[in-house]
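Visitor: Dropping in final-v7.cif, which is mmCIF, C-alpha atoms:
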data_entry
#
loop_
_atom_site.label_atom_id
_atom_site.label_comp_id
_atom_site.auth_asym_id
_atom_site.auth_seq_id
_atom_site.Cartn_x
_atom_site.Cartn_y
_atom_site.Cartn_z
CA MET A 1 36.35 108.52 120.69
CA GLY A 2 35.01 105.05 121.38
CA ARG A 3 33.55 102.99 124.18
CA ASN A 4 32.10 99.58 125.00
CA TYR A 5 28.88 99.38 126.96
CA ASP A 6 28.87 96.27 129.13
CA TYR A 7 26.04 95.09 131.36
CA GLU A 8 24.09 91.96 132.20
CA ILE A 9 20.73 93.22 130.90
CA SER A 10 19.70 95.55 128.10
CA TYR A 11 17.54 98.64 128.62
CA GLN A 12 16.62 98.74 124.93
CA GLU A 13 19.54 100.99 124.02
CA GLU A 14 18.99 103.11 120.92
CA LEU A 15 20.84 105.77 118.95
CA ARG A 16 18.92 109.03 119.14
CA THR A 17 19.34 112.51 117.61
CA ILE A 18 18.43 115.55 119.72
CA PRO A 19 17.79 118.79 117.78
CA LYS A 20 19.04 122.15 119.03
CA HIS A 21 16.97 123.82 121.78
CA LYS A 22 14.72 120.80 122.41
CA TYR A 23 15.96 120.55 126.01
CA LYS A 24 17.53 124.02 126.27
CA ASN A 25 20.59 122.60 124.47
CA GLU A 26 22.56 125.07 122.38
CA TYR A 27 23.98 122.32 120.17
CA ALA A 28 22.47 119.36 118.34
CA ILE A 29 23.38 115.99 119.88
CA ILE A 30 23.54 112.37 118.79
CA GLY A 31 24.04 109.55 121.26
CA MET A 32 22.96 106.31 122.85
CA CYS A 33 19.99 106.40 125.24
CA THR A 34 17.80 103.90 126.99
CA GLY A 35 14.74 103.14 124.92
CA LEU A 36 12.63 102.72 128.06
CA VAL A 37 12.28 106.50 128.42
CA LYS A 38 10.94 108.38 125.39
CA ASP A 39 10.29 111.87 126.77
CA TYR A 40 13.87 112.58 127.92
CA PRO A 41 17.29 111.53 126.54
CA LEU A 42 18.99 109.51 129.27
CA LEU A 43 22.34 109.51 127.52
CA TYR A 44 24.94 106.77 128.01
CA ASP A 45 27.31 108.58 125.63
CA GLY A 46 27.06 111.13 122.84
CA MET A 47 28.54 113.82 120.61
CA ASN A 48 27.36 117.34 119.85
CA SER A 49 27.49 119.33 116.62
CA GLU A 50 30.84 120.88 117.66
CA GLY A 51 32.48 117.46 117.99
CA LEU A 52 32.51 117.35 121.80
CA CYS A 53 31.91 113.85 123.18
CA ILE A 54 31.03 112.35 126.55
CA GLY A 55 30.66 108.83 127.93
CA ALA A 56 29.34 107.57 131.26
CA LEU A 57 30.81 104.48 132.93
CA ALA A 58 29.70 102.58 136.01
CA PHE A 59 31.58 103.66 139.15
CA LYS A 60 29.95 101.44 141.77
CA GLY A 61 30.82 102.18 145.38
CA ASN A 62 33.01 105.19 144.57
CA ALA A 63 30.63 107.79 143.18
CA GLU A 64 29.23 110.05 145.87
CA TYR A 65 26.28 112.30 145.08
CA HIS A 66 24.91 115.03 147.36
CA PRO A 67 21.70 116.97 147.95
CA LYS A 68 21.51 120.39 146.32
CA VAL A 69 24.02 122.91 147.66
CA SER A 70 23.44 126.68 147.65
CA GLY A 71 25.90 128.55 145.46
CA GLN A 72 26.76 125.50 143.35
CA VAL A 73 25.59 124.39 139.91
CA ASN A 74 23.48 121.41 140.97
CA ILE A 75 23.14 118.74 138.27
CA PRO A 76 21.52 115.32 138.76
CA SER A 77 23.78 112.53 137.50
CA TYR A 78 21.29 111.55 134.78
CA LYS A 79 21.37 115.12 133.36
CA PHE A 80 25.14 115.55 133.32
CA PRO A 81 25.82 114.29 129.75
CA LEU A 82 23.04 116.45 128.29
CA GLU A 83 24.26 119.52 130.21
CA VAL A 84 27.81 119.09 128.94
CA LEU A 85 26.94 118.41 125.30
CA GLY A 86 24.18 120.98 125.24
CA ASN A 87 26.24 123.91 126.54
CA PHE A 88 29.90 123.48 125.57
CA GLU A 89 31.86 123.07 122.35
CA SER A 90 35.25 121.95 123.71
CA VAL A 91 37.12 120.68 126.74
CA GLU A 92 39.09 123.92 126.75
CA GLU A 93 35.89 125.95 127.10
CA ILE A 94 34.75 123.81 130.01
CA ARG A 95 38.07 124.27 131.79
CA ASP A 96 38.57 127.95 130.99
CA THR A 97 35.12 128.98 132.21
CA HIS A 98 35.77 127.06 135.46
CA SER A 99 32.43 125.38 134.90
CA LEU A 100 33.44 122.12 136.57
CA GLU A 101 34.75 123.87 139.67
CA VAL A 102 31.23 124.87 140.75
CA VAL A 103 29.43 121.64 139.83
CA ASN A 104 27.69 119.48 142.41
CA ILE A 105 26.35 116.12 141.15
CA THR A 106 23.15 115.59 143.09
CA ASP A 107 21.36 112.44 144.26
CA GLU A 108 18.11 113.37 142.50
CA ALA A 109 16.56 110.38 140.73
CA TYR A 110 14.96 110.52 137.29
CA SER A 111 12.08 108.42 138.66
CA LYS A 112 11.34 105.82 141.33
CA GLU A 113 11.93 103.13 138.72
CA LEU A 114 15.27 104.68 137.64
CA PRO A 115 17.24 105.72 140.76
CA PRO A 116 20.71 107.32 140.51
CA THR A 117 23.47 105.10 139.17
CA ASP A 118 27.05 105.40 140.40
CA LEU A 119 28.90 106.90 137.43
CA HIS A 120 32.01 108.75 136.34
CA TRP A 121 32.55 110.32 132.92
CA PHE A 122 35.11 111.03 130.22
CA ILE A 123 34.77 114.15 128.06
CA SER A 124 36.71 114.41 124.78
CA ASP A 125 37.17 116.66 121.79
CA LYS A 126 39.61 116.51 118.87
CA ASP A 127 42.44 117.88 121.01
CA GLU A 128 42.15 116.55 124.54
CA SER A 129 40.22 114.46 127.05
CA ILE A 130 39.40 114.72 130.73
CA ILE A 131 38.03 112.31 133.34
CA VAL A 132 35.32 113.60 135.70
CA GLU A 133 34.56 112.01 139.07
CA GLN A 134 32.71 112.95 142.24
CA THR A 135 33.86 110.82 145.18
CA ARG A 136 34.04 111.20 148.95
CA ASP A 137 37.06 113.42 148.29
CA GLY A 138 34.88 115.83 146.30
CA PHE A 139 34.35 116.74 142.66
CA GLY A 140 37.43 116.55 140.47
CA TYR A 141 38.67 116.19 136.92
CA PHE A 142 41.90 114.82 135.48
CA SER A 143 43.64 114.79 132.13
CA GLY A 144 43.30 111.30 130.69
CA GLU A 145 42.36 109.36 127.57
CA VAL A 146 41.38 105.90 128.87
CA LEU A 147 38.77 105.03 131.49
CA THR A 148 37.26 101.82 132.84
CA ASN A 149 34.91 101.30 135.79
CA ASN A 150 36.90 101.08 139.01
CA PRO A 151 38.81 102.18 141.05
CA PRO A 152 38.97 106.01 140.91
CA TYR A 153 41.00 107.26 137.97
CA PRO A 154 44.15 108.31 139.91
CA LEU A 155 44.46 104.74 141.24
CA GLN A 156 43.88 103.26 137.77
CA LEU A 157 46.69 105.43 136.43
CA MET A 158 49.00 104.66 139.35
CA ASN A 159 48.59 100.92 138.86
CA TYR A 160 49.22 101.20 135.11
CA ASP A 161 52.41 103.15 135.72
CA LYS A 162 53.66 100.24 137.85
CA ILE A 163 52.79 97.52 135.37
CA LYS A 164 54.12 99.57 132.47
CA THR A 165 57.65 99.09 133.75
CA LYS A 166 57.22 95.34 133.14
CA ILE A 167 55.37 95.56 129.82
CA GLY A 168 57.84 95.28 126.98
CA ASP A 169 60.77 94.70 129.35
CA VAL A 170 61.48 91.19 128.10
CA ASP A 171 64.81 89.76 129.25
CA PHE A 172 67.09 87.45 127.31
CA GLN A 173 66.06 84.31 129.21
CA LEU A 174 62.40 84.85 128.42
CA LYS A 175 63.15 85.21 124.74
CA LYS A 176 65.24 82.07 124.88
CA ASN A 177 62.50 80.02 126.59
CA TYR A 178 59.60 81.14 124.41
CA ASP A 179 59.81 80.80 120.65
CA THR A 180 56.90 83.09 119.86
CA ARG A 181 56.07 86.56 118.66
CA GLY A 182 54.28 89.00 120.94
CA LEU A 183 56.63 88.75 123.91
CA GLU A 184 56.54 92.54 124.17
CA THR A 185 53.08 92.11 125.74
CA PHE A 186 54.03 89.18 127.99
CA TYR A 187 53.16 91.01 131.21
CA LEU A 188 49.98 92.56 129.85
CA ALA A 189 46.92 91.30 131.77
CA GLY A 190 44.26 89.60 129.66
CA ASP A 191 41.37 89.25 132.10
CA TYR A 192 38.12 91.27 132.18
CA THR A 193 38.60 93.10 135.46
CA SER A 194 38.44 96.89 135.28
CA MET A 195 42.09 97.35 136.23
CA SER A 196 43.30 94.86 133.63
CA ARG A 197 41.14 96.36 130.91
CA PHE A 198 42.54 99.79 131.78
CA GLU A 199 46.12 98.49 131.50
CA ARG A 200 45.41 96.74 128.20
CA LEU A 201 43.58 99.67 126.61
CA SER A 202 46.20 102.19 127.77
CA TYR A 203 49.07 100.15 126.38
CA LEU A 204 47.35 99.36 123.09
CA LYS A 205 46.23 102.97 122.61
CA GLU A 206 49.79 104.20 122.99
CA ASN A 207 50.87 101.82 120.23
CA LEU A 208 47.78 102.44 118.10
CA GLU A 209 48.76 106.11 117.85
CA LYS A 210 52.04 105.08 116.25
CA ALA A 211 50.09 103.33 113.49
CA SER A 212 47.42 106.01 113.07
CA ASN A 213 48.72 107.06 109.65
CA THR A 214 48.72 103.48 108.39
CA PHE A 215 45.17 102.34 109.13
CA ASN A 216 41.69 103.83 109.18
CA ASN A 217 41.20 105.46 112.58
CA VAL A 218 37.59 104.34 112.98
CA GLY A 219 38.53 100.75 112.23
CA GLN A 220 41.52 100.90 114.54
CA THR A 221 39.35 102.23 117.36
CA PHE A 222 37.00 99.27 116.97
CA HIS A 223 40.01 96.95 117.11
CA LEU A 224 41.08 98.70 120.31
CA LEU A 225 37.62 98.29 121.82
CA SER A 226 37.55 94.62 120.87
CA SER A 227 40.54 94.04 123.15
CA ALA A 228 38.27 94.81 126.12
CA GLU A 229 35.05 93.32 124.75
CA GLN A 230 33.33 90.90 127.14
CA VAL A 231 32.07 87.66 125.66
CA TYR A 232 28.69 86.46 126.92
CA GLY A 233 29.19 83.63 129.40
CA SER A 234 32.60 84.75 130.66
CA THR A 235 31.55 87.16 133.44
CA PRO A 236 28.76 85.74 135.66
CA ILE A 237 26.53 88.20 137.55
CA ASN A 238 24.15 86.21 139.79
CA ASP A 239 22.04 84.21 137.32
CA LYS A 240 23.09 86.33 134.30
CA TYR A 241 26.28 87.30 132.48
CA GLU A 242 27.77 90.70 131.81
CA TYR A 243 28.61 91.16 128.15
CA THR A 244 29.36 93.90 125.62
CA ILE A 245 25.93 95.08 124.50
CA TYR A 246 27.34 97.59 122.02
CA SER A 247 30.57 99.23 120.88
CA ILE A 248 30.43 102.75 119.48
CA VAL A 249 32.91 105.11 117.81
CA TYR A 250 32.36 108.87 117.40
CA ASP A 251 34.20 110.56 114.51
CA MET A 252 34.53 114.12 115.82
CA GLU A 253 35.99 115.47 112.58
CA ASN A 254 33.18 114.32 110.30
CA LEU A 255 30.40 114.20 112.94
CA GLU A 256 29.69 110.56 112.19
CA VAL A 257 28.81 107.73 114.56
CA TYR A 258 29.65 104.06 114.02
CA LEU A 259 27.74 101.46 116.02
CA LYS A 260 28.16 97.70 116.44
CA THR A 261 25.79 95.70 118.66
CA CYS A 262 26.13 92.22 120.11
CA ASP A 263 23.26 91.04 117.90
CA ASP A 264 24.56 92.56 114.69
CA LEU A 265 28.29 92.57 114.01
CA ASN A 266 27.84 94.83 110.99
CA ILE A 267 28.99 98.36 111.72
CA GLU A 268 26.24 100.92 111.10
CA CYS A 269 26.97 104.57 110.41
CA ALA A 270 24.85 107.63 111.27
CA SER A 271 25.57 111.36 110.87
CA LEU A 272 24.70 114.39 112.97
#
Kindly present the structure from the file in structure tokens form.
Guide:
Amino acid sequence: MGRNYDYEISYQEELRTIPKHKYKNEYAIIGMCTGLVKDYPLLYDGMNSEGLCIGALAFKGNAEYHPKVSGQVNIPSYKFPLEVLGNFESVEEIRDTHSLEVVNITDEAYSKELPPTDLHWFISDKDESIIVEQTRDGFGYFSGEVLTNNPPYPLQLMNYDKIKTKIGDVDFQLKKNYDTRGLETFYLAGDYTSMSRFERLSYLKENLEKASNTFNNVGQTFHLLSSAEQVYGSTPINDKYEYTIYSIVYDMENLEVYLKTCDDLNIECASL
């Protein structure tokens, strides 16, 4: 499982290991946290000792959090990754125990300085992945293996299904007019918008799986992530630029983490 973390400013992101039972977690965890908070792991993404992974992505304008509700499992958004990794060993266990069906993501802030952030999540193990969102339509989860920021996942998927009919459908005239390789991806969007990154990652992942026995999977995942990597200076946000602060790959089989930052293109490896 891999992800890019893109933003216009850094919150001193650091890779941190969380021992069992430190925060009532049944499993040990390794993941990326903000370095601004030392007494609690505000996880951006992570993996536990059973190989279960989670990642949080910005979901601005579509996430909807609520006050605590009686009879529900109320979890502040900042605690959600730790609750998942600390208490479950697989996606199947989460689904079979109906744990997600009673969850309410609350609007409780970690602190005045760190208010709730609009987020949605992907949760993966070696066998399957799900997307988790809480919108105005309620709390829901969907089978899925690729996620970008916006819009809600069902709309991302719907749009990709439409564009997929064009991707690879290269007619004779196009081949005649363009003397170049790569025409199979002629209709594949190359911009940095969330929808285009979703299309690009979904298409490339489908083809990456065909080559999974040929190349190293960790290396291939980094290549996949690089297709959506944002170069500093390309995406202006007020007086700053959004850029890929880090790319990370979690090897669920060997419980290893591979990290590449914008400042250091060397890939570092850590183990849980």
Visitor: Applied to this file, what does the PyMOL selection byres ((chain A and resi 227) around 9) return in terms of residues, put as a list in words?
Guide: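 Expected selection for the PyMOL selection byres ((chain A and resi 227) around 9) here is Gly190, Arg197, Arg200, Leu201, Leu204, Phe222, His223, Leu224, Leu225, Ser226, Ala228, Glu229 and Gln230 of chain A.
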Visitor: Which residues, written as a PyMOL selection string, have at least one atom at most 12 Å from region 88-91 of chain A, with all atoms listed in the file counted and residues fewer than 2 positions away on the same chain left out?
Guide: chain A and resi 25-29+47-54+81-86+93-100+122-132+141-144+252
Visitor: Let's have the selection written as a compact mmCIF listing (two decimals), in the frame of the given file, with C-alpha atoms.
Guide:
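Dumped to selection.txt:
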# COMPACT_ATOMS: atom_id res chain seq x y z
CA ASN A 25 20.59 122.60 124.47
CA GLU A 26 22.56 125.07 122.38
CA TYR A 27 23.98 122.32 120.17
CA ALA A 28 22.47 119.36 118.34
CA ILE A 29 23.38 115.99 119.88
CA MET A 47 28.54 113.82 120.61
CA ASN A 48 27.36 117.34 119.85
CA SER A 49 27.49 119.33 116.62
CA GLU A 50 30.84 120.88 117.66
CA GLY A 51 32.48 117.46 117.99
CA LEU A 52 32.51 117.35 121.80
CA CYS A 53 31.91 113.85 123.18
CA ILE A 54 31.03 112.35 126.55
CA PRO A 81 25.82 114.29 129.75
CA LEU A 82 23.04 116.45 128.29
CA GLU A 83 24.26 119.52 130.21
CA VAL A 84 27.81 119.09 128.94
CA LEU A 85 26.94 118.41 125.30
CA GLY A 86 24.18 120.98 125.24
CA GLU A 93 35.89 125.95 127.10
CA ILE A 94 34.75 123.81 130.01
CA ARG A 95 38.07 124.27 131.79
CA ASP A 96 38.57 127.95 130.99
CA THR A 97 35.12 128.98 132.21
CA HIS A 98 35.77 127.06 135.46
CA SER A 99 32.43 125.38 134.90
CA LEU A 100 33.44 122.12 136.57
CA PHE A 122 35.11 111.03 130.22
CA ILE A 123 34.77 114.15 128.06
CA SER A 124 36.71 114.41 124.78
CA ASP A 125 37.17 116.66 121.79
CA LYS A 126 39.61 116.51 118.87
CA ASP A 127 42.44 117.88 121.01
CA GLU A 128 42.15 116.55 124.54
CA SER A 129 40.22 114.46 127.05
CA ILE A 130 39.40 114.72 130.73
CA ILE A 131 38.03 112.31 133.34
CA VAL A 132 35.32 113.60 135.70
CA TYR A 141 38.67 116.19 136.92
CA PHE A 142 41.90 114.82 135.48
CA SER A 143 43.64 114.79 132.13
CA GLY A 144 43.30 111.30 130.69
CA MET A 252 34.53 114.12 115.82
Visitor: Run through the PyMOL selection byres ((chain A and resi 263) around 12) on the given coordinates and return the selected residues as a ChimeraX atom specification.
Guide: /A:10,232,243-247,259-262,264-267
Visitor: Which residue gives the smallest distance to Asn62 (chain A) among A:Glu101, A:Glu113, A:Asp107, A:Asp118, with all atoms listed in the file counted?
Guide: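 Closest candidate: A:Asp118.
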Visitor: Going by the chain IDs and residue numbers used in this file, which residues fall under the PyMOL selection byres ((chain A and resi 149) around 7)? Write them as a list in words.
Guide: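 In the shown coordinates, the PyMOL selection byres ((chain A and resi 149) around 7) covers Leu57, Ala58, Phe59, Leu147, Thr148, Asn150, Pro151 and Ser194 of chain A.
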Visitor: Can you spit out the residues from that selection as a PDB file, in the frame of the given file, using C-alpha atoms?
Guide:
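Now in selection-v6.pdb:
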ATOM      1  CA  LEU A  57      30.810 104.480 132.930  1.00  0.00           C
ATOM      2  CA  ALA A  58      29.700 102.580 136.010  1.00  0.00           C
ATOM      3  CA  PHE A  59      31.580 103.660 139.150  1.00  0.00           C
ATOM      4  CA  LEU A 147      38.770 105.030 131.490  1.00  0.00           C
ATOM      5  CA  THR A 148      37.260 101.820 132.840  1.00  0.00           C
ATOM      6  CA  ASN A 150      36.900 101.080 139.010  1.00  0.00           C
ATOM      7  CA  PRO A 151      38.810 102.180 141.050  1.00  0.00           C
ATOM      8  CA  SER A 194      38.440  96.890 135.280  1.00  0.00           C
TER       9      SER A 194
END
Visitor: What gap, in Å, lies between CA of Lys60 (chain A) and CA of Leu119 (chain A)?
Guide: 7.1 Å
Visitor: Would you mind telling me which residue in A:Arg136, A:Lys240, A:Lys68, A:Arg16 lies nearest to Val103 (chain A) when using all atoms listed in the file?
Guide: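 Among A:Arg136, A:Lys240, A:Lys68, A:Arg16, it is A:Lys68 that comes nearest to Val103 (chain A).
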Visitor: So, with all atoms listed in the file as the atoms that count, which of A:Ser111, A:Thr117, A:Thr17, A:Asn216 lies closest to Ser77 (chain A)?
Guide: A:Thr117
Visitor: To one decimal in Å, tell me the separation between CA of Ile237 (chain A) and CA of Leu114 (chain A).
Guide: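 Going from CA of Ile237 (chain A) over to CA of Leu114 (chain A) covers 20.0 Å.
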Visitor: Could you tell me which of A:Tyr258, A:Gln156, A:Thr165, A:Lys20 comes closest to Thr193 (chain A) if we count only C-alpha atoms?
Guide: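 Of the candidates, the smallest distance to Thr193 (chain A) is held by A:Gln156.
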Visitor: Hey, which of A:Gly31, A:Asn177, A:Thr221, A:Tyr65 ends up closest to Pro115 (chain A)? Count only C-alpha atoms.
Guide: A:Tyr65
Visitor: Please measure the separation of CA of Val231 (chain A) and CA of Asp6 (chain A), giving the value in Å to one decimal.
Guide: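 Pair CA of Val231 (chain A) / CA of Asp6 (chain A) returns 9.8 Å.
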Visitor: Work out where the centre of an axis-aligned box around every listed atom of region 244-252 of chain A lies and how long its edges are once 3 Å is added on each side; give both in Å to one decimal as lines of an AutoDock Vina configuration file.
Guide:
center_x = 30.2
center_y = 104.0
center_z = 120.1
size_x = 14.6
size_y = 26.2
size_z = 17.1
Visitor: Which region 93-137 of chain A residues have any atom within 7 Å of an atom of region 69-75 of chain A, and for each, what is the nearest pair of atoms with distance in Å to one decimal, counting all atoms listed in the file, rows sorted by chain and number, as JSON lines?
Guide:
{"residue": "A:Val102", "atom": "CA", "partner": "A:Gln72", "partner_atom": "CA", "distance": 5.2}
{"residue": "A:Val103", "atom": "CA", "partner": "A:Val73", "partner_atom": "CA", "distance": 4.7}
{"residue": "A:Asn104", "atom": "CA", "partner": "A:Asn74", "partner_atom": "CA", "distance": 4.9}
{"residue": "A:Ile105", "atom": "CA", "partner": "A:Ile75", "partner_atom": "CA", "distance": 5.0}
{"residue": "A:Thr106", "atom": "CA", "partner": "A:Ile75", "partner_atom": "CA", "distance": 5.8}
Visitor: Compare A:Leu272, A:Val218, A:Pro154, A:Tyr110 by their minimum atom-to-atom distance to Thr135 (chain A), counting only C-alpha atoms, and give me the closest one.
Guide: A:Pro154
